[in-house]
Amino acid sequence: MTSTPSPAIHGDTLAELVASGAQALTAAGVAFGHGTATAEDEAAWLALWKLGLPLDSELTPGAPESLADRPVTQEEQALVAALFEERIRSRKPAAYLTREAWLQGVPFYIDERSIVPRSFIAELLADGSVDGWLSDKTTQVLDLCTGNGSLACLAAMAWPEVQVTGADISPDALAVARINVDKHALQDRVQLVESNGLAAVPGPWDLVLCNPPYVNADSMRKLPAEYQAEPELALAGGDDGMDFIRQLLLNLPARLNKNAVVILEIGNEKPFFEAAFPDLPVFWLDTSSGDEQVLLITEEALRHWSQGNTAALSL
């Protein structure tokens with residue numbers, strides 16, 4: 001069986017080139033979700049990046065300062081077309097090809113050693129949604145499963161008075177995180193630690209951020225190739241996606257300061273979370289994806305809950 005060839009990627013103007021690239025991505029059936037949600041957005045990202053143009057450039061025809069009608073040379077067309085063709089052929093997330101991912105307007109280095117950063121927790125750090133849960137006693141912040149360190153860096157940027165520890169079980173991911181900590185000159189504020197869960201980061205903590213592996217086994221089997229290109233360790237959460245989270249909630253109460261809070265991302269696994277922890281009081285936080293992907297647990301609620309559930313969770 002032969003694959004359908006992708007449409008030729010061409011265009012004498014930037015808008016035409018982006019439209020052609022979007023058509024090719026759509027025809028090839030690539031999957032998005034690693035920084036872009038549509039073929040049009042990803043085509044614009046790839047074309048602008050390859051041509052060395054600002055990624056927030058206006059491409060709407062007739063809009064002020066729009067680059068839509070910017071001429072594209074034959075050489076530039078060839079360079080951009082080659083990048084689109086690599087994206088289609090390899091099925092790698094675009095961020096792995098550009099070696100760059102953006103969260104809340106902040107650029108981060110990324111490569112195949114770490115999951116592409118896309119946590120909705122970043123929105124909560126940037127827009128101040130979390131601030132009301134914190135106090136002047138919030139000084140020790142843990143970003144567990146830090147991956148490429150983006151959330152750890154964003155937390156340090158959001159709250160200049162805190163110290164942040166980024167922890168991950170993967171030394172490869174931590175090597176990428178080191179690049180980003182250095183890139184943003186946060187060496188004095190962000191410490192990186194190799195840790196299996198909470199084993200090497202006992203705390204106590206005032207705030208814990210965690211975007212853990214939570215994809216359930218059935219969903220893992222159905223993931224598009226782009227997601228399969230990422231480290232499985234950062235995604236797979238066991239049969240119901242809750243394996244890591246069970247252990248985390250079992251161990252957390254003894255590692256939290258009084259009035260601490262935990263912010264946990266669970267993606268599309270809310271039904272599995274509620275089935276696993278039916279009597280744990282949580283607050284669901286609003287993000288651009290709705291209010292079912294990120295939750296907050298207070299230290300008090302977690303402590304009271306754990307007193308009646310530790311034995312069951314340990315089984």
# chains A, B, ... in the order shown; residues from 1 in each chain; ligands from 1

$ residues_around --residues "segment 171-180 of chain A" --least-positions-apart "5" --cutoff "9 Å" --atoms "only C-alpha atoms" --output "PDB file with N, CA, C and O atoms, in the first residue's frame"
ATOM      1  N   PRO A 107      10.282  31.593  25.458  1.00  0.00           N
ATOM      2  CA  PRO A 107      10.860  30.509  24.661  1.00  0.00           C
ATOM      3  C   PRO A 107      11.662  29.530  25.516  1.00  0.00           C
ATOM      4  O   PRO A 107      12.392  29.931  26.428  1.00  0.00           O
ATOM      5  N   PHE A 108      11.529  28.258  25.195  1.00  0.00           N
ATOM      6  CA  PHE A 108      12.284  27.215  25.882  1.00  0.00           C
ATOM      7  C   PHE A 108      12.908  26.266  24.870  1.00  0.00           C
ATOM      8  O   PHE A 108      12.286  25.939  23.848  1.00  0.00           O
ATOM      9  N   TYR A 109      14.123  25.824  25.171  1.00  0.00           N
ATOM     10  CA  TYR A 109      14.767  24.806  24.343  1.00  0.00           C
ATOM     11  C   TYR A 109      14.091  23.461  24.598  1.00  0.00           C
ATOM     12  O   TYR A 109      13.686  23.139  25.727  1.00  0.00           O
ATOM     13  N   ILE A 110      13.989  22.658  23.551  1.00  0.00           N
ATOM     14  CA  ILE A 110      13.425  21.316  23.701  1.00  0.00           C
ATOM     15  C   ILE A 110      14.038  20.396  22.658  1.00  0.00           C
ATOM     16  O   ILE A 110      14.359  20.824  21.540  1.00  0.00           O
ATOM     17  N   ASP A 111      14.239  19.141  23.027  1.00  0.00           N
ATOM     18  CA  ASP A 111      14.594  18.102  22.063  1.00  0.00           C
ATOM     19  C   ASP A 111      13.978  16.791  22.520  1.00  0.00           C
ATOM     20  O   ASP A 111      13.221  16.758  23.499  1.00  0.00           O
ATOM     21  N   GLU A 112      14.309  15.707  21.822  1.00  0.00           N
ATOM     22  CA  GLU A 112      13.624  14.432  22.053  1.00  0.00           C
ATOM     23  C   GLU A 112      13.882  13.825  23.418  1.00  0.00           C
ATOM     24  O   GLU A 112      13.236  12.835  23.785  1.00  0.00           O
ATOM     25  N   ARG A 113      14.790  14.380  24.195  1.00  0.00           N
ATOM     26  CA  ARG A 113      15.053  13.839  25.534  1.00  0.00           C
ATOM     27  C   ARG A 113      13.958  14.169  26.529  1.00  0.00           C
ATOM     28  O   ARG A 113      13.909  13.601  27.627  1.00  0.00           O
ATOM     29  N   SER A 114      13.077  15.090  26.177  1.00  0.00           N
ATOM     30  CA  SER A 114      12.030  15.523  27.109  1.00  0.00           C
ATOM     31  C   SER A 114      10.715  15.710  26.375  1.00  0.00           C
ATOM     32  O   SER A 114      10.688  15.998  25.168  1.00  0.00           O
ATOM     33  N   ILE A 115       9.623  15.565  27.094  1.00  0.00           N
ATOM     34  CA  ILE A 115       8.298  15.818  26.532  1.00  0.00           C
ATOM     35  C   ILE A 115       8.198  17.286  26.125  1.00  0.00           C
ATOM     36  O   ILE A 115       8.785  18.164  26.759  1.00  0.00           O
ATOM     37  N   THR A 146       9.479  17.768  36.186  1.00  0.00           N
ATOM     38  CA  THR A 146       9.763  19.068  35.574  1.00  0.00           C
ATOM     39  C   THR A 146      10.027  19.002  34.080  1.00  0.00           C
ATOM     40  O   THR A 146       9.887  20.005  33.377  1.00  0.00           O
ATOM     41  N   GLY A 147      10.415  17.823  33.554  1.00  0.00           N
ATOM     42  CA  GLY A 147      10.667  17.737  32.112  1.00  0.00           C
ATOM     43  C   GLY A 147      11.756  18.700  31.684  1.00  0.00           C
ATOM     44  O   GLY A 147      12.872  18.677  32.215  1.00  0.00           O
ATOM     45  N   ASN A 148      11.452  19.592  30.753  1.00  0.00           N
ATOM     46  CA  ASN A 148      12.469  20.524  30.270  1.00  0.00           C
ATOM     47  C   ASN A 148      12.609  21.758  31.154  1.00  0.00           C
ATOM     48  O   ASN A 148      13.309  22.702  30.796  1.00  0.00           O
ATOM     49  N   GLY A 149      11.957  21.740  32.314  1.00  0.00           N
ATOM     50  CA  GLY A 149      12.143  22.809  33.298  1.00  0.00           C
ATOM     51  C   GLY A 149      11.315  24.052  33.063  1.00  0.00           C
ATOM     52  O   GLY A 149      11.478  25.045  33.769  1.00  0.00           O
ATOM     53  N   SER A 150      10.397  24.022  32.111  1.00  0.00           N
ATOM     54  CA  SER A 150       9.669  25.241  31.761  1.00  0.00           C
ATOM     55  C   SER A 150       8.800  25.749  32.899  1.00  0.00           C
ATOM     56  O   SER A 150       8.782  26.960  33.181  1.00  0.00           O
ATOM     57  N   ALA A 152       9.181  25.187  36.107  1.00  0.00           N
ATOM     58  CA  ALA A 152      10.070  25.660  37.172  1.00  0.00           C
ATOM     59  C   ALA A 152      10.561  27.069  36.863  1.00  0.00           C
ATOM     60  O   ALA A 152      10.587  27.945  37.743  1.00  0.00           O
ATOM     61  N   CYS A 153      10.942  27.302  35.623  1.00  0.00           N
ATOM     62  CA  CYS A 153      11.406  28.632  35.228  1.00  0.00           C
ATOM     63  C   CYS A 153      10.279  29.658  35.310  1.00  0.00           C
ATOM     64  O   CYS A 153      10.477  30.783  35.808  1.00  0.00           O
ATOM     65  N   GLY A 166      13.217  21.902  40.582  1.00  0.00           N
ATOM     66  CA  GLY A 166      12.647  21.096  39.508  1.00  0.00           C
ATOM     67  C   GLY A 166      13.174  19.681  39.632  1.00  0.00           C
ATOM     68  O   GLY A 166      14.393  19.471  39.641  1.00  0.00           O
ATOM     69  N   ALA A 185      18.927  32.487  32.888  1.00  0.00           N
ATOM     70  CA  ALA A 185      19.756  33.012  33.989  1.00  0.00           C
ATOM     71  C   ALA A 185      19.074  32.850  35.342  1.00  0.00           C
ATOM     72  O   ALA A 185      19.048  33.769  36.164  1.00  0.00           O
ATOM     73  N   LEU A 186      18.552  31.646  35.598  1.00  0.00           N
ATOM     74  CA  LEU A 186      17.848  31.376  36.850  1.00  0.00           C
ATOM     75  C   LEU A 186      18.616  30.387  37.731  1.00  0.00           C
ATOM     76  O   LEU A 186      18.040  29.758  38.618  1.00  0.00           O
ATOM     77  N   GLN A 187      19.908  30.287  37.516  1.00  0.00           N
ATOM     78  CA  GLN A 187      20.710  29.316  38.266  1.00  0.00           C
ATOM     79  C   GLN A 187      20.631  29.525  39.777  1.00  0.00           C
ATOM     80  O   GLN A 187      20.720  28.557  40.552  1.00  0.00           O
ATOM     81  N   LEU A 192      17.889  21.881  40.199  1.00  0.00           N
ATOM     82  CA  LEU A 192      17.411  20.692  39.505  1.00  0.00           C
ATOM     83  C   LEU A 192      17.898  19.440  40.228  1.00  0.00           C
ATOM     84  O   LEU A 192      19.078  19.337  40.590  1.00  0.00           O
ATOM     85  N   VAL A 193      16.985  18.487  40.448  1.00  0.00           N
ATOM     86  CA  VAL A 193      17.296  17.294  41.230  1.00  0.00           C
ATOM     87  C   VAL A 193      16.746  16.062  40.525  1.00  0.00           C
ATOM     88  O   VAL A 193      15.579  16.049  40.108  1.00  0.00           O
ATOM     89  N   GLU A 194      17.562  15.029  40.391  1.00  0.00           N
ATOM     90  CA  GLU A 194      17.073  13.750  39.888  1.00  0.00           C
ATOM     91  C   GLU A 194      16.371  13.017  41.018  1.00  0.00           C
ATOM     92  O   GLU A 194      16.956  12.792  42.080  1.00  0.00           O
TER      93      GLU A 194
END

$ closest_atom_pairs --of "segment 70-133 of chain A" --to "segment 224-233 of chain A" --cutoff "6 Å" --atoms "only C-alpha atoms" --output "tab-separated table"
residue	atom	partner	partner_atom	distance
A:Arg91	CA	A:Glu226	CA	5.4
A:Lys92	CA	A:Glu226	CA	5.0
A:Pro93	CA	A:Glu226	CA	5.3
A:Ile115	CA	A:Glu230	CA	5.4

$ write_last_selection --atoms "N, CA, C and O atoms" --output "mmCIF file, in the first residue's frame"
data_model
loop_
_atom_site.group_PDB
_atom_site.id
_atom_site.type_symbol
_atom_site.label_atom_id
_atom_site.label_comp_id
_atom_site.auth_asym_id
_atom_site.auth_seq_id
_atom_site.Cartn_x
_atom_site.Cartn_y
_atom_site.Cartn_z
ATOM 1 N N ARG A 91 6.852 12.686 11.338
ATOM 2 C CA ARG A 91 5.759 12.726 12.315
ATOM 3 C C ARG A 91 6.245 13.168 13.700
ATOM 4 O O ARG A 91 5.588 12.919 14.710
ATOM 5 N N LYS A 92 7.369 13.847 13.740
ATOM 6 C CA LYS A 92 7.839 14.416 14.998
ATOM 7 C C LYS A 92 7.080 15.712 15.278
ATOM 8 O O LYS A 92 6.739 16.450 14.336
ATOM 9 N N PRO A 93 6.821 16.022 16.546
ATOM 10 C CA PRO A 93 6.243 17.335 16.854
ATOM 11 C C PRO A 93 7.114 18.445 16.280
ATOM 12 O O PRO A 93 8.348 18.337 16.248
ATOM 13 N N ILE A 115 9.623 15.565 27.094
ATOM 14 C CA ILE A 115 8.298 15.818 26.532
ATOM 15 C C ILE A 115 8.198 17.286 26.125
ATOM 16 O O ILE A 115 8.785 18.164 26.759
#

$ closest_atom_pairs --of "segment 53-134 of chain A" --to "segment 200-223 of chain A" --cutoff "10 Å" --atoms "only C-alpha atoms" --output "Markdown table"
| residue | atom | partner | partner_atom | distance |
| --- | --- | --- | --- | --- |
| A:Pro117 | CA | A:Asn211 | CA | 9.9 |
| A:Arg118 | CA | A:Asn211 | CA | 9.7 |
| A:Ser119 | CA | A:Asn211 | CA | 6.9 |
| A:Phe120 | CA | A:Asn211 | CA | 9.0 |
| A:Ile121 | CA | A:Leu209 | CA | 7.9 |
| A:Trp133 | CA | A:Leu207 | CA | 9.5 |
| A:Leu134 | CA | A:Leu207 | CA | 8.1 |

$ write_last_selection --atoms "N, CA, C and O atoms" --output "compact mmCIF listing (two decimals), in the first residue's frame"
# COMPACT_ATOMS: atom_id res chain seq x y z
N PRO A 117 6.89 20.80 26.16
CA PRO A 117 6.13 21.50 27.20
C PRO A 117 4.85 22.10 26.65
O PRO A 117 4.85 22.76 25.62
N ARG A 118 3.74 21.84 27.34
CA ARG A 118 2.44 22.37 26.92
C ARG A 118 1.46 22.44 28.09
O ARG A 118 0.25 22.52 27.91
N SER A 119 1.98 22.39 29.31
CA SER A 119 1.12 22.32 30.49
C SER A 119 0.23 23.55 30.63
O SER A 119 0.67 24.68 30.51
N PHE A 120 -1.04 23.30 30.95
CA PHE A 120 -1.97 24.39 31.23
C PHE A 120 -1.64 25.08 32.55
O PHE A 120 -2.13 26.17 32.82
N ILE A 121 -0.81 24.46 33.37
CA ILE A 121 -0.38 25.11 34.62
C ILE A 121 0.35 26.41 34.30
O ILE A 121 0.29 27.37 35.07
N TRP A 133 -4.06 31.71 46.43
CA TRP A 133 -3.88 30.53 47.29
C TRP A 133 -2.55 30.57 48.05
O TRP A 133 -2.31 29.71 48.90
N LEU A 134 -1.71 31.56 47.73
CA LEU A 134 -0.38 31.64 48.32
C LEU A 134 -0.34 32.73 49.38
O LEU A 134 -1.30 33.47 49.58

$ atom_distance --atom1 "atom CA of Gln104 of chain A" --atom2 "atom CA of Phe272 of chain A"
28.7 Å

$ closest_residue --among "A:Gly197, A:Gly290, A:Pro271, A:Gly237" --to "Leu249 of chain A" --atoms "only C-alpha atoms"
A:Gly197

$ atom_distance --atom1 "atom CA of Ala28 of chain A" --atom2 "atom CA of Asn268 of chain A"
25.7 Å

$ closest_residue --among "A:Thr13, A:Gln74, A:Thr36, A:Asn196" --to "Pro61 of chain A" --atoms "only C-alpha atoms"
A:Thr13

$ select_by_dssp --residues "segment 54-269 of chain A" --states "strand (DSSP E or B)" --output "PDB file with C-alpha atoms, in the first residue's frame"
ATOM      1  CA  PRO A  71       7.618  38.106  -1.280  1.00  0.00           C
ATOM      2  CA  GLU A 100      12.044  25.525  20.491  1.00  0.00           C
ATOM      3  CA  ALA A 101       8.734  25.637  22.346  1.00  0.00           C
ATOM      4  CA  TRP A 102       6.907  28.667  23.719  1.00  0.00           C
ATOM      5  CA  LEU A 103       4.851  28.845  26.904  1.00  0.00           C
ATOM      6  CA  VAL A 106       8.563  32.580  26.909  1.00  0.00           C
ATOM      7  CA  PRO A 107      10.860  30.509  24.661  1.00  0.00           C
ATOM      8  CA  PHE A 108      12.284  27.215  25.882  1.00  0.00           C
ATOM      9  CA  TYR A 109      14.767  24.806  24.343  1.00  0.00           C
ATOM     10  CA  GLN A 140       9.705  26.751  48.719  1.00  0.00           C
ATOM     11  CA  VAL A 141       8.238  25.572  45.421  1.00  0.00           C
ATOM     12  CA  LEU A 142       8.587  22.103  43.898  1.00  0.00           C
ATOM     13  CA  ASP A 143       7.988  21.410  40.212  1.00  0.00           C
ATOM     14  CA  LEU A 144       7.731  17.616  40.169  1.00  0.00           C
ATOM     15  CA  GLN A 163      13.154  29.225  45.520  1.00  0.00           C
ATOM     16  CA  VAL A 164      12.169  26.549  43.023  1.00  0.00           C
ATOM     17  CA  THR A 165      13.270  22.942  42.768  1.00  0.00           C
ATOM     18  CA  GLY A 166      12.647  21.096  39.508  1.00  0.00           C
ATOM     19  CA  ALA A 167      12.694  17.322  39.956  1.00  0.00           C
ATOM     20  CA  ASP A 168      12.470  14.512  37.438  1.00  0.00           C
ATOM     21  CA  VAL A 190      16.045  27.110  40.307  1.00  0.00           C
ATOM     22  CA  GLN A 191      17.679  23.910  41.519  1.00  0.00           C
ATOM     23  CA  LEU A 192      17.411  20.692  39.505  1.00  0.00           C
ATOM     24  CA  VAL A 193      17.296  17.294  41.230  1.00  0.00           C
ATOM     25  CA  GLU A 194      17.073  13.750  39.888  1.00  0.00           C
ATOM     26  CA  TRP A 205       7.124  22.436  50.389  1.00  0.00           C
ATOM     27  CA  ASP A 206       4.776  25.404  50.309  1.00  0.00           C
ATOM     28  CA  LEU A 207       3.648  24.822  46.731  1.00  0.00           C
ATOM     29  CA  VAL A 208       3.903  21.709  44.576  1.00  0.00           C
ATOM     30  CA  LEU A 209       3.338  21.885  40.824  1.00  0.00           C
ATOM     31  CA  CYS A 210       3.036  18.583  39.011  1.00  0.00           C
ATOM     32  CA  VAL A 215      -2.300   8.851  30.144  1.00  0.00           C
ATOM     33  CA  ALA A 236       2.184   6.503  30.560  1.00  0.00           C
ATOM     34  CA  LEU A 256       4.022  19.774  52.909  1.00  0.00           C
ATOM     35  CA  ASN A 257       4.189  22.819  55.161  1.00  0.00           C
ATOM     36  CA  LYS A 258       0.999  23.985  56.831  1.00  0.00           C
ATOM     37  CA  ASN A 259      -1.332  25.771  54.369  1.00  0.00           C
ATOM     38  CA  ALA A 260       0.607  24.460  51.364  1.00  0.00           C
ATOM     39  CA  VAL A 261      -1.187  23.790  48.087  1.00  0.00           C
ATOM     40  CA  VAL A 262      -0.718  21.226  45.331  1.00  0.00           C
ATOM     41  CA  ILE A 263      -1.528  21.983  41.679  1.00  0.00           C
ATOM     42  CA  LEU A 264      -1.912  18.855  39.581  1.00  0.00           C
ATOM     43  CA  GLU A 265      -2.579  18.456  35.870  1.00  0.00           C
TER      44      GLU A 265
END

$ residues_around --residues "Arg89 of chain A" --least-positions-apart "2" --cutoff "12 Å" --atoms "only C-alpha atoms" --output "ChimeraX atom specification"
/A:3-6,24-25,28-30,82-87,91-94,97,225-226

$ write_last_selection --atoms "all heavy atoms" --output "compact mmCIF listing (two decimals), in the first residue's frame"
# COMPACT_ATOMS: atom_id res chain seq x y z
N SER A 3 1.47 5.44 0.23
CA SER A 3 0.86 6.61 0.84
C SER A 3 0.55 7.66 -0.23
O SER A 3 1.20 7.73 -1.27
CB SER A 3 1.79 7.21 1.89
OG SER A 3 3.01 7.58 1.31
N THR A 4 -0.47 8.47 0.04
CA THR A 4 -0.83 9.53 -0.88
C THR A 4 0.20 10.64 -0.81
O THR A 4 0.52 11.11 0.29
CB THR A 4 -2.21 10.10 -0.51
OG1 THR A 4 -3.16 9.04 -0.55
CG2 THR A 4 -2.63 11.20 -1.48
N PRO A 5 0.78 11.06 -1.92
CA PRO A 5 1.79 12.12 -1.86
C PRO A 5 1.18 13.43 -1.37
O PRO A 5 0.02 13.74 -1.64
CB PRO A 5 2.26 12.23 -3.32
CG PRO A 5 1.13 11.67 -4.13
CD PRO A 5 0.52 10.60 -3.30
N SER A 6 1.97 14.20 -0.62
CA SER A 6 1.51 15.48 -0.12
C SER A 6 1.47 16.50 -1.24
O SER A 6 2.27 16.43 -2.18
CB SER A 6 2.44 15.98 0.99
OG SER A 6 2.51 15.05 2.04
N ALA A 24 -0.89 20.99 2.95
CA ALA A 24 -0.07 19.78 2.95
C ALA A 24 -0.16 19.04 4.28
O ALA A 24 -0.27 17.81 4.31
CB ALA A 24 1.38 20.13 2.62
N LEU A 25 -0.12 19.78 5.39
CA LEU A 25 -0.22 19.16 6.71
C LEU A 25 -1.57 18.48 6.87
O LEU A 25 -1.67 17.36 7.40
CB LEU A 25 -0.03 20.21 7.80
CG LEU A 25 1.36 20.85 7.90
CD1 LEU A 25 1.35 21.96 8.94
CD2 LEU A 25 2.42 19.82 8.24
N ALA A 28 -1.83 15.31 4.80
CA ALA A 28 -1.00 14.23 5.34
C ALA A 28 -1.56 13.66 6.63
O ALA A 28 -1.11 12.60 7.09
CB ALA A 28 0.42 14.74 5.57
N GLY A 29 -2.53 14.33 7.24
CA GLY A 29 -3.15 13.81 8.45
C GLY A 29 -2.26 13.87 9.68
O GLY A 29 -2.39 13.02 10.57
N VAL A 30 -1.36 14.86 9.74
CA VAL A 30 -0.51 14.96 10.92
C VAL A 30 -1.36 15.38 12.12
O VAL A 30 -2.44 15.95 11.98
CB VAL A 30 0.65 15.96 10.71
CG1 VAL A 30 1.48 15.56 9.52
CG2 VAL A 30 0.11 17.37 10.54
N ALA A 82 11.10 22.07 2.56
CA ALA A 82 11.87 20.95 3.12
C ALA A 82 11.51 20.71 4.57
O ALA A 82 11.42 19.56 5.04
CB ALA A 82 13.36 21.22 2.97
N LEU A 83 11.26 21.79 5.32
CA LEU A 83 10.88 21.65 6.73
C LEU A 83 9.49 21.02 6.86
O LEU A 83 9.27 20.13 7.68
CB LEU A 83 10.91 23.02 7.42
CG LEU A 83 10.53 23.03 8.91
CD1 LEU A 83 11.45 22.13 9.72
CD2 LEU A 83 10.56 24.47 9.45
N PHE A 84 8.55 21.47 6.04
CA PHE A 84 7.22 20.86 6.05
C PHE A 84 7.30 19.38 5.69
O PHE A 84 6.62 18.54 6.31
CB PHE A 84 6.30 21.57 5.05
CG PHE A 84 5.68 22.83 5.58
CD1 PHE A 84 6.10 24.07 5.13
CD2 PHE A 84 4.67 22.78 6.52
CE1 PHE A 84 5.53 25.24 5.61
CE2 PHE A 84 4.09 23.94 7.01
CZ PHE A 84 4.52 25.18 6.56
N GLU A 85 8.10 19.06 4.71
CA GLU A 85 8.21 17.67 4.28
C GLU A 85 8.83 16.81 5.38
O GLU A 85 8.43 15.64 5.56
CB GLU A 85 9.03 17.60 2.99
CG GLU A 85 8.27 18.16 1.79
CD GLU A 85 9.17 18.53 0.62
OE1 GLU A 85 10.39 18.32 0.73
OE2 GLU A 85 8.64 19.04 -0.39
N GLU A 86 9.79 17.38 6.13
CA GLU A 86 10.36 16.62 7.25
C GLU A 86 9.32 16.41 8.34
O GLU A 86 9.24 15.35 8.94
CB GLU A 86 11.57 17.37 7.81
CG GLU A 86 12.25 16.61 8.94
CD GLU A 86 13.44 17.35 9.52
OE1 GLU A 86 13.70 18.51 9.11
OE2 GLU A 86 14.11 16.78 10.42
N ARG A 87 8.51 17.44 8.59
CA ARG A 87 7.44 17.31 9.59
C ARG A 87 6.49 16.19 9.21
O ARG A 87 6.08 15.37 10.06
CB ARG A 87 6.69 18.66 9.71
CG ARG A 87 5.41 18.62 10.54
CD ARG A 87 5.70 18.46 12.01
NE ARG A 87 4.45 18.54 12.77
CZ ARG A 87 3.69 17.50 13.06
NH1 ARG A 87 4.04 16.28 12.67
NH2 ARG A 87 2.57 17.65 13.75
N ARG A 91 6.85 12.69 11.34
CA ARG A 91 5.76 12.73 12.32
C ARG A 91 6.24 13.17 13.70
O ARG A 91 5.59 12.92 14.71
CB ARG A 91 5.06 11.37 12.42
CG ARG A 91 4.15 11.02 11.24
CD ARG A 91 3.09 12.10 11.01
NE ARG A 91 1.94 11.66 10.27
CZ ARG A 91 1.78 11.79 8.95
NH1 ARG A 91 2.75 12.33 8.22
NH2 ARG A 91 0.68 11.37 8.34
N LYS A 92 7.37 13.85 13.74
CA LYS A 92 7.84 14.42 15.00
C LYS A 92 7.08 15.71 15.28
O LYS A 92 6.74 16.45 14.34
CB LYS A 92 9.34 14.72 14.93
CG LYS A 92 10.24 13.51 14.90
CD LYS A 92 11.70 13.92 14.89
CE LYS A 92 12.63 12.73 14.89
NZ LYS A 92 14.07 13.15 14.87
N PRO A 93 6.82 16.02 16.55
CA PRO A 93 6.24 17.33 16.85
C PRO A 93 7.11 18.45 16.28
O PRO A 93 8.35 18.34 16.25
CB PRO A 93 6.25 17.36 18.39
CG PRO A 93 6.23 15.93 18.80
CD PRO A 93 7.03 15.21 17.76
N ALA A 94 6.48 19.50 15.82
CA ALA A 94 7.23 20.60 15.22
C ALA A 94 8.29 21.14 16.16
O ALA A 94 9.37 21.55 15.73
CB ALA A 94 6.27 21.72 14.81
N LEU A 97 11.61 19.70 15.78
CA LEU A 97 12.31 20.12 14.57
C LEU A 97 12.90 21.52 14.73
O LEU A 97 14.00 21.79 14.23
CB LEU A 97 11.36 20.09 13.38
CG LEU A 97 10.68 18.75 13.09
CD1 LEU A 97 9.78 18.86 11.87
CD2 LEU A 97 11.71 17.65 12.89
N ALA A 225 1.32 9.34 16.12
CA ALA A 225 2.77 9.18 16.05
C ALA A 225 3.52 10.32 16.72
O ALA A 225 4.59 10.12 17.30
CB ALA A 225 3.20 9.05 14.59
N GLU A 226 2.97 11.55 16.64
CA GLU A 226 3.65 12.70 17.23
C GLU A 226 3.84 12.51 18.74
O GLU A 226 4.87 12.89 19.30
CB GLU A 226 2.85 13.98 16.96
CG GLU A 226 2.99 14.51 15.56
CD GLU A 226 2.11 13.82 14.53
OE1 GLU A 226 1.42 12.83 14.88
OE2 GLU A 226 2.10 14.26 13.38

$ atom_distance --atom1 "atom CA of Ala81 of chain A" --atom2 "atom CA of Ile9 of chain A"
5.5 Å

$ select_by_dssp --residues "segment 224-282 of chain A" --states "helix (DSSP H, G or I)" --output "list of chain:residue names"
A:Ala225, A:Glu226, A:Tyr227, A:Gln228, A:Glu232, A:Leu233, A:Ala234, A:Asp243, A:Phe244, A:Ile245, A:Arg246, A:Gln247, A:Leu248, A:Leu249, A:Leu250, A:Asn251, A:Pro253, A:Ala254, A:Arg255, A:Lys270, A:Pro271, A:Phe272, A:Phe273, A:Glu274, A:Ala275, A:Ala276

$ residues_around --residues "Asp56 of chain A" --least-positions-apart "5" --cutoff "10 Å" --atoms "only C-alpha atoms" --output "ChimeraX atom specification"
/A:44-45,48,105

$ write_last_selection --atoms "N, CA, C and O atoms" --output "PDB file, in the first residue's frame"
ATOM      1  N   ALA A  44       2.085  28.428   9.914  1.00  0.00           N
ATOM      2  CA  ALA A  44       2.633  29.768  10.151  1.00  0.00           C
ATOM      3  C   ALA A  44       3.880  29.685  11.025  1.00  0.00           C
ATOM      4  O   ALA A  44       4.896  30.355  10.747  1.00  0.00           O
ATOM      5  N   TRP A  45       3.827  28.868  12.080  1.00  0.00           N
ATOM      6  CA  TRP A  45       4.964  28.709  12.987  1.00  0.00           C
ATOM      7  C   TRP A  45       6.190  28.204  12.213  1.00  0.00           C
ATOM      8  O   TRP A  45       7.284  28.786  12.311  1.00  0.00           O
ATOM      9  N   LEU A  48       7.469  30.886   9.537  1.00  0.00           N
ATOM     10  CA  LEU A  48       8.087  32.060  10.164  1.00  0.00           C
ATOM     11  C   LEU A  48       9.419  31.689  10.812  1.00  0.00           C
ATOM     12  O   LEU A  48      10.407  32.426  10.713  1.00  0.00           O
ATOM     13  N   GLY A 105       4.471  33.055  26.068  1.00  0.00           N
ATOM     14  CA  GLY A 105       5.355  34.045  25.465  1.00  0.00           C
ATOM     15  C   GLY A 105       6.817  33.887  25.806  1.00  0.00           C
ATOM     16  O   GLY A 105       7.637  34.741  25.440  1.00  0.00           O
TER      17      GLY A 105
END
